[in-house]
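File shown: upload_4.txt. Contents: compact mmCIF, C-alpha atoms.
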# COMPACT_ATOMS: atom_id res chain seq x y z
CA MET A 984 0.00 0.00 0.00
CA ARG A 985 2.74 2.41 0.85
CA LEU A 986 4.58 1.55 -2.35
CA ARG A 987 1.57 2.47 -4.40
CA VAL A 988 1.23 5.75 -2.56
CA TRP A 989 4.86 6.62 -3.23
CA VAL A 990 4.55 5.62 -6.85
CA ALA A 991 1.52 7.85 -7.20
CA ILE A 992 3.30 10.74 -5.52
CA LEU A 993 6.32 10.21 -7.82
CA LEU A 994 4.13 10.24 -10.91
CA MET A 995 2.44 13.40 -9.74
CA LEU A 996 5.83 15.06 -9.18
CA ILE A 997 7.00 13.99 -12.66
CA ALA A 998 3.81 15.38 -14.26
CA SER A 999 4.13 18.68 -12.40
CA VAL A 1000 7.82 19.02 -13.37
CA LYS A 1001 6.97 18.26 -17.02
CA SER A 1002 4.20 20.90 -17.07
CA ILE A 1003 6.51 23.45 -15.46
CA SER A 1004 9.24 22.76 -18.01
CA GLN A 1005 6.77 23.08 -20.93
CA GLU A 1006 5.51 26.40 -19.59
CA THR A 1007 9.09 27.58 -19.19
CA ILE A 1008 9.92 26.56 -22.78
CA LYS A 1009 6.82 28.35 -24.15
CA LYS A 1010 7.66 31.51 -22.24
CA THR A 1011 11.22 31.46 -23.55
CA GLU A 1012 10.03 31.02 -27.16
CA LEU A 1013 7.51 33.83 -26.75
CA ASP A 1014 10.17 36.16 -25.40
CA SER A 1015 12.43 35.24 -28.32
CA LEU A 1016 9.64 35.93 -30.82
CA LYS A 1017 8.85 39.27 -29.22
CA LYS A 1018 12.51 40.24 -29.38
CA ARG A 1019 12.67 39.23 -33.06
CA VAL A 1020 9.52 41.21 -33.87
CA ALA A 1021 10.99 44.23 -32.12
CA GLU A 1022 14.22 43.90 -34.13
CA LEU A 1023 12.28 43.60 -37.42
CA SER A 1024 10.17 46.64 -36.49
CA ASP A 1025 13.35 48.64 -35.89
CA ILE A 1026 14.75 47.53 -39.27
CA ILE A 1027 11.51 48.50 -41.08
CA GLN A 1028 11.44 51.87 -39.34
CA GLN A 1029 15.06 52.46 -40.31
CA ILE A 1030 14.30 51.65 -43.97
CA GLN A 1031 11.29 53.99 -43.95
CA ASP A 1032 13.40 56.75 -42.40
CA GLU A 1033 16.06 56.29 -45.10
CA LYS A 1034 13.46 56.43 -47.89
CA GLU A 1035 11.92 59.54 -46.38
CA ALA A 1036 15.33 61.17 -46.14
CA GLU A 1037 16.09 60.31 -49.79
CA LYS A 1038 12.73 61.73 -50.87
CA LYS A 1039 13.35 64.98 -48.99
CA LYS A 1040 16.84 65.16 -50.44
CA ALA A 1041 15.48 64.71 -54.00
CA GLU A 1042 12.85 67.41 -53.45
CA PHE A 1043 15.47 69.76 -52.05
CA GLN A 1044 17.75 69.11 -55.04
CA LYS A 1045 14.84 69.81 -57.38
CA LEU A 1046 14.18 73.13 -55.66
CA LEU A 1047 17.87 73.99 -55.93
CA ASP A 1048 17.87 73.22 -59.67
CA GLN A 1049 14.76 75.37 -60.21
CA ALA A 1050 16.27 78.24 -58.25
CA LYS A 1051 19.48 77.93 -60.26
CA SER A 1052 17.62 77.97 -63.59
CA LEU A 1053 15.57 81.00 -62.49
CA SER A 1054 18.69 82.85 -61.46
CA GLN A 1055 20.27 82.08 -64.84
CA GLU A 1056 17.16 83.35 -66.67
CA LYS A 1057 17.14 86.56 -64.63
CA LYS A 1058 20.83 87.02 -65.31
CA LYS A 1059 20.25 86.47 -69.03
CA LYS A 1060 17.37 88.96 -69.07
CA ALA A 1061 19.50 91.47 -67.22
CA ILE A 1062 22.25 91.05 -69.82
CA ASP A 1063 19.74 91.48 -72.64
CA MET A 1064 18.31 94.62 -71.04
CA GLU A 1065 21.77 96.07 -70.78
CA ARG A 1066 22.03 96.05 -74.58
CA LYS A 1067 21.07 99.50 -75.73
CA PHE A 1068 21.08 100.62 -79.33
CA HIS A 1069 21.33 104.35 -79.51
CA SER A 1070 21.24 104.38 -83.29
CA GLY A 1071 18.00 104.07 -85.26
CA LEU A 1072 19.57 102.20 -88.16
CA ARG A 1073 18.02 98.91 -87.11
CA GLN A 1074 14.51 100.41 -87.19
CA GLN A 1075 14.85 102.22 -90.50
CA SER A 1076 14.07 99.11 -92.53
CA ALA A 1077 10.63 98.92 -90.85
CA LEU A 1078 9.80 102.34 -92.34
CA ASN A 1079 10.56 101.24 -95.90
CA PRO A 1080 7.33 100.89 -97.88
CA ASN A 1081 6.26 97.83 -99.80
CA ILE A 1082 7.09 98.69 -103.40
CA SER A 1083 5.42 97.12 -106.43
CA ILE A 1084 5.73 97.89 -110.14
CA CYS A 1085 3.12 96.72 -112.61
CA GLY A 1086 3.34 97.05 -116.40
CA ASP A 1087 0.26 96.93 -118.62
CA TYR A 1088 1.21 96.10 -122.24
CA TYR A 1089 -0.92 95.18 -125.19
CA ILE A 1090 -0.37 94.04 -128.77
CA ALA A 1091 -2.75 95.01 -131.53
CA TYR A 1092 -2.71 94.00 -135.18
CA GLY A 1093 -4.86 95.26 -138.00
CA SER A 1094 -4.79 95.04 -141.75
CA SER A 1095 -5.47 98.76 -142.13
CA ARG A 1096 -2.47 100.95 -143.01
CA SER A 1097 -4.23 104.15 -142.09
CA ASP A 1098 -2.69 106.31 -139.36
CA TYR A 1099 -6.21 106.71 -138.04
CA ASN A 1100 -6.05 103.11 -136.81
CA ARG A 1101 -2.28 102.59 -136.50
CA ILE A 1102 -1.34 105.51 -134.24
CA PRO A 1103 -2.73 105.58 -130.65
CA SER A 1104 -5.18 108.41 -130.11
CA GLU A 1105 -8.25 109.27 -128.08
CA ILE A 1106 -10.39 107.04 -130.29
CA SER A 1107 -7.90 104.25 -131.11
CA TRP A 1108 -5.43 102.14 -129.13
CA GLY A 1109 -3.25 101.69 -132.23
CA THR A 1110 -2.33 98.61 -134.23
CA GLY A 1111 0.74 96.87 -135.57
CA GLN A 1112 2.95 97.49 -132.49
CA ILE A 1113 3.50 96.61 -128.85
CA PHE A 1114 2.18 99.42 -126.68
CA LEU A 1115 2.76 100.25 -123.05
CA ARG A 1116 -0.64 101.34 -121.85
CA GLU A 1117 0.42 102.01 -118.26
CA MET A 1118 3.24 101.48 -115.81
CA GLU A 1119 2.10 101.70 -112.19
CA LEU A 1120 4.29 102.23 -109.13
CA GLY A 1121 2.65 101.19 -105.83
CA LEU A 1122 3.94 102.32 -102.42
CA GLN A 1123 2.32 100.94 -99.27
CA ALA A 1124 3.64 101.30 -95.73
CA PRO A 1125 2.26 100.51 -92.25
CA LEU A 1126 3.34 103.64 -90.37
CA ASP A 1127 2.18 102.15 -87.06
CA PRO A 1128 -0.19 99.33 -86.01
CA PHE A 1129 -3.23 101.53 -86.73
CA THR A 1130 -2.06 103.74 -89.62
CA ARG A 1131 -1.58 102.88 -93.30
CA GLY A 1132 -0.14 105.03 -96.04
CA LYS A 1133 -0.72 104.13 -99.70
CA ALA A 1134 0.20 105.78 -103.01
CA PHE A 1135 -0.21 104.55 -106.59
CA ILE A 1136 1.53 106.54 -109.33
CA SER A 1137 0.64 105.93 -112.99
CA PHE A 1138 3.02 106.42 -115.93
CA GLY A 1139 1.05 106.34 -119.19
CA ARG A 1140 0.80 107.96 -122.58
CA GLU A 1141 -0.88 110.97 -121.00
CA GLY A 1142 2.03 111.51 -118.60
CA VAL A 1143 2.49 110.91 -114.90
CA SER A 1144 -0.53 111.01 -112.63
CA LEU A 1145 -1.43 110.08 -109.09
CA GLU A 1146 -4.07 107.39 -109.23
CA GLU A 1147 -4.49 107.09 -105.50
CA GLY A 1148 -2.75 108.59 -102.48
CA TYR A 1149 -4.30 108.42 -99.04
CA MET A 1150 -3.84 107.76 -95.33
CA GLN A 1151 -5.98 105.27 -93.46
CA TRP A 1152 -6.53 105.05 -89.68
CA LEU A 1153 -7.99 101.87 -88.18
CA ASN A 1154 -9.75 100.98 -84.91
CA LEU A 1155 -10.96 104.46 -84.08
CA PRO A 1156 -13.59 105.01 -81.36
CA LEU A 1157 -17.10 103.74 -82.07
CA ASN A 1158 -15.58 100.98 -84.26
CA MET A 1159 -14.85 103.44 -87.07
CA ASN A 1160 -12.08 103.80 -89.70
CA LEU A 1161 -10.92 107.02 -91.34
CA LYS A 1162 -9.50 107.46 -94.84
CA MET A 1163 -8.18 110.80 -96.13
CA GLY A 1164 -6.66 111.63 -99.51
CA GLU A 1165 -7.40 110.83 -103.13
CA PHE A 1166 -8.78 107.37 -103.74
CA LYS A 1167 -11.30 105.53 -105.90
CA THR A 1168 -14.66 105.09 -104.23
CA GLN A 1169 -16.63 101.87 -104.16
CA PHE A 1170 -19.10 102.98 -106.86
CA GLY A 1171 -20.48 100.29 -109.11
CA LYS A 1172 -18.49 97.15 -109.90
CA LEU A 1173 -15.47 98.52 -111.77
CA ASN A 1174 -14.74 101.95 -110.30
CA ARG A 1175 -12.47 100.58 -107.57
CA TYR A 1176 -10.24 98.73 -110.08
CA HIS A 1177 -7.12 100.22 -111.64
CA GLU A 1178 -6.62 99.90 -115.39
CA HIS A 1179 -4.33 96.86 -115.20
CA ALA A 1180 -6.71 95.06 -112.80
CA LEU A 1181 -9.85 95.30 -114.95
CA PRO A 1182 -11.46 91.98 -115.86
CA GLN A 1183 -11.59 93.23 -119.47
CA PHE A 1184 -9.37 95.30 -121.76
CA GLU A 1185 -10.94 98.70 -121.02
CA ARG A 1186 -13.85 100.25 -119.20
CA PRO A 1187 -17.30 99.95 -120.80
CA LEU A 1188 -18.34 102.82 -123.07
CA VAL A 1189 -21.63 103.15 -121.23
CA LEU A 1190 -19.62 104.33 -118.20
CA THR A 1191 -16.86 106.31 -119.91
CA ASN A 1192 -19.43 108.28 -121.95
CA PHE A 1193 -21.00 109.56 -118.74
CA PHE A 1194 -18.05 109.69 -116.32
CA GLY A 1195 -14.97 109.80 -118.56
CA THR A 1196 -11.97 107.50 -118.57
CA SER A 1197 -10.66 108.64 -115.19
CA TYR A 1198 -13.79 108.18 -113.12
Produce structure tokens that represent the structure in this file.
Amino acid sequence: MRLRVWVAILLMLIASVKSISQETIKKTELDSLKKRVAELSDIIQQIQDEKEAEKKKAEFQKLLDQAKSLSQEKKKKAIDMERKFHSGLRQQSALNPNISICGDYYIAYGSSRSDYNRIPSEISWGTGQIFLREMELGLQAPLDPFTRGKAFISFGREGVSLEEGYMQWLNLPLNMNLKMGEFKTQFGKLNRYHEHALPQFERPLVLTNFFGTSY
């Protein structure tokens, strides 16, 4: 009976020792895991801090580059503004007018030998030769963004004449334009055209009989 009691007590002691050792092992493993987790957390935090520092460094470098480029642009503008041209030679070409020369020739042939038809006159353009009906010199210049100056000089068989010569001002108050000088008005369909720009050889007789050839 006593032996059984001691055996039972011994088994109980062995079981209690085994449970204590298992609890001790579990606690040790848990502490080791916690320590490892803490180490990994520190490593992750360190990596995040390094990335954040690199990002801030890149942004700072970008700001430095922008500031450097702005300073170079300001320096370049300052150098450009220091260039002063006291002579007006560079602006003189802008005052040169647009020049055009137009020649109006015609060829006429007729079998008649009479001077009445052969020689140019008020009633005949002439035949059997090449005739210069008109040579026109056109001068047009934009004097400023709102002012135009135009002149058209005609060299013909009647001599030299001013076909048109006027000044034109644009964008005046009340959405108006102003034209002053000698110019052809917009009367009918052909009055505005010069001789060389007519869609036919000469002006219709129905108009020249009433208004003349220079209307």
Nearest to Ile1090 in chain A, chosen from A:Arg1140, A:Lys1045, A:Arg1116, A:Arg1175, with all atoms listed in the file counted in the distances: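 The answer is A:Arg1116, which sits nearest to Ile1090 in chain A.
Closest approach to Ser1144 in chain A among A:Leu1023, A:Met1118, A:Asn1079, A:Ser1097: A:Met1118, based on only C-alpha atoms.
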Please return the centre and edge lengths, in Å to one decimal, of a box with edges along x, y and z that contains all listed atoms of range 1166-1172 of chain A, widened by 8 Å on every side, as JSON.
{"center_x": -14.6, "center_y": 102.3, "center_z": -106.8, "size_x": 27.7, "size_y": 26.2, "size_z": 22.2}
What's around range 1111-1113 of chain A at 10 Å? Count only C-alpha atoms, leave out sequence neighbours fewer than 2 positions away in its own chain, and write the answer as a PyMOL selection string. chain A and resi 1088-1096+1100-1102+1109+1115-1116
One decimal, Å: what's the distance from CA of Glu1141 in chain A over to CA of Trp1108 in chain A, could you say?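 According to the coordinates, CA of Glu1141 in chain A and CA of Trp1108 in chain A are separated by 12.8 Å.
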Considering only C-alpha atoms, state which residue in the set A:Ile1082, A:Ala1036, A:Ile1026, A:Leu1173 is at the smallest distance from Ala1134 in chain A. A:Ile1082
Computed interatomic separation between CA of Leu1046 in chain A and CA of Lys1034 in chain A (Å):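 Answer for the CA of Leu1046 in chain A to CA of Lys1034 in chain A separation: 18.4 Å.
Near Phe1166 in chain A, within a cut-off of 9 Å and counting only C-alpha atoms, sit the residues Glu1146, Glu1147, Gly1148, Tyr1149, Lys1162 and Arg1175 of chain A, with same-chain residues fewer than 4 positions away left out.
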Around the point (3.7, 101.1, -93.6) in the file's coordinates, collect all residues with an atom within 8 Å, using all atoms listed in the file, and return them as a list in words. Ala1077, Leu1078, Asn1079, Pro1080, Asn1081, Gln1123, Ala1124, Pro1125, Leu1126, Asp1127, Thr1130, Arg1131 and Gly1132 of chain A
When you count only C-alpha atoms, which of these residues is closest to Ser1107 in chain A: A:Cys1085, A:Glu1185, A:His1179, A:Ile1136? A:Glu1185
Quick check, in Å to one decimal: how far apart do CA of Met1163 in chain A and CA of Met1150 in chain A lie?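 Going from CA of Met1163 in chain A over to CA of Met1150 in chain A covers 5.4 Å.
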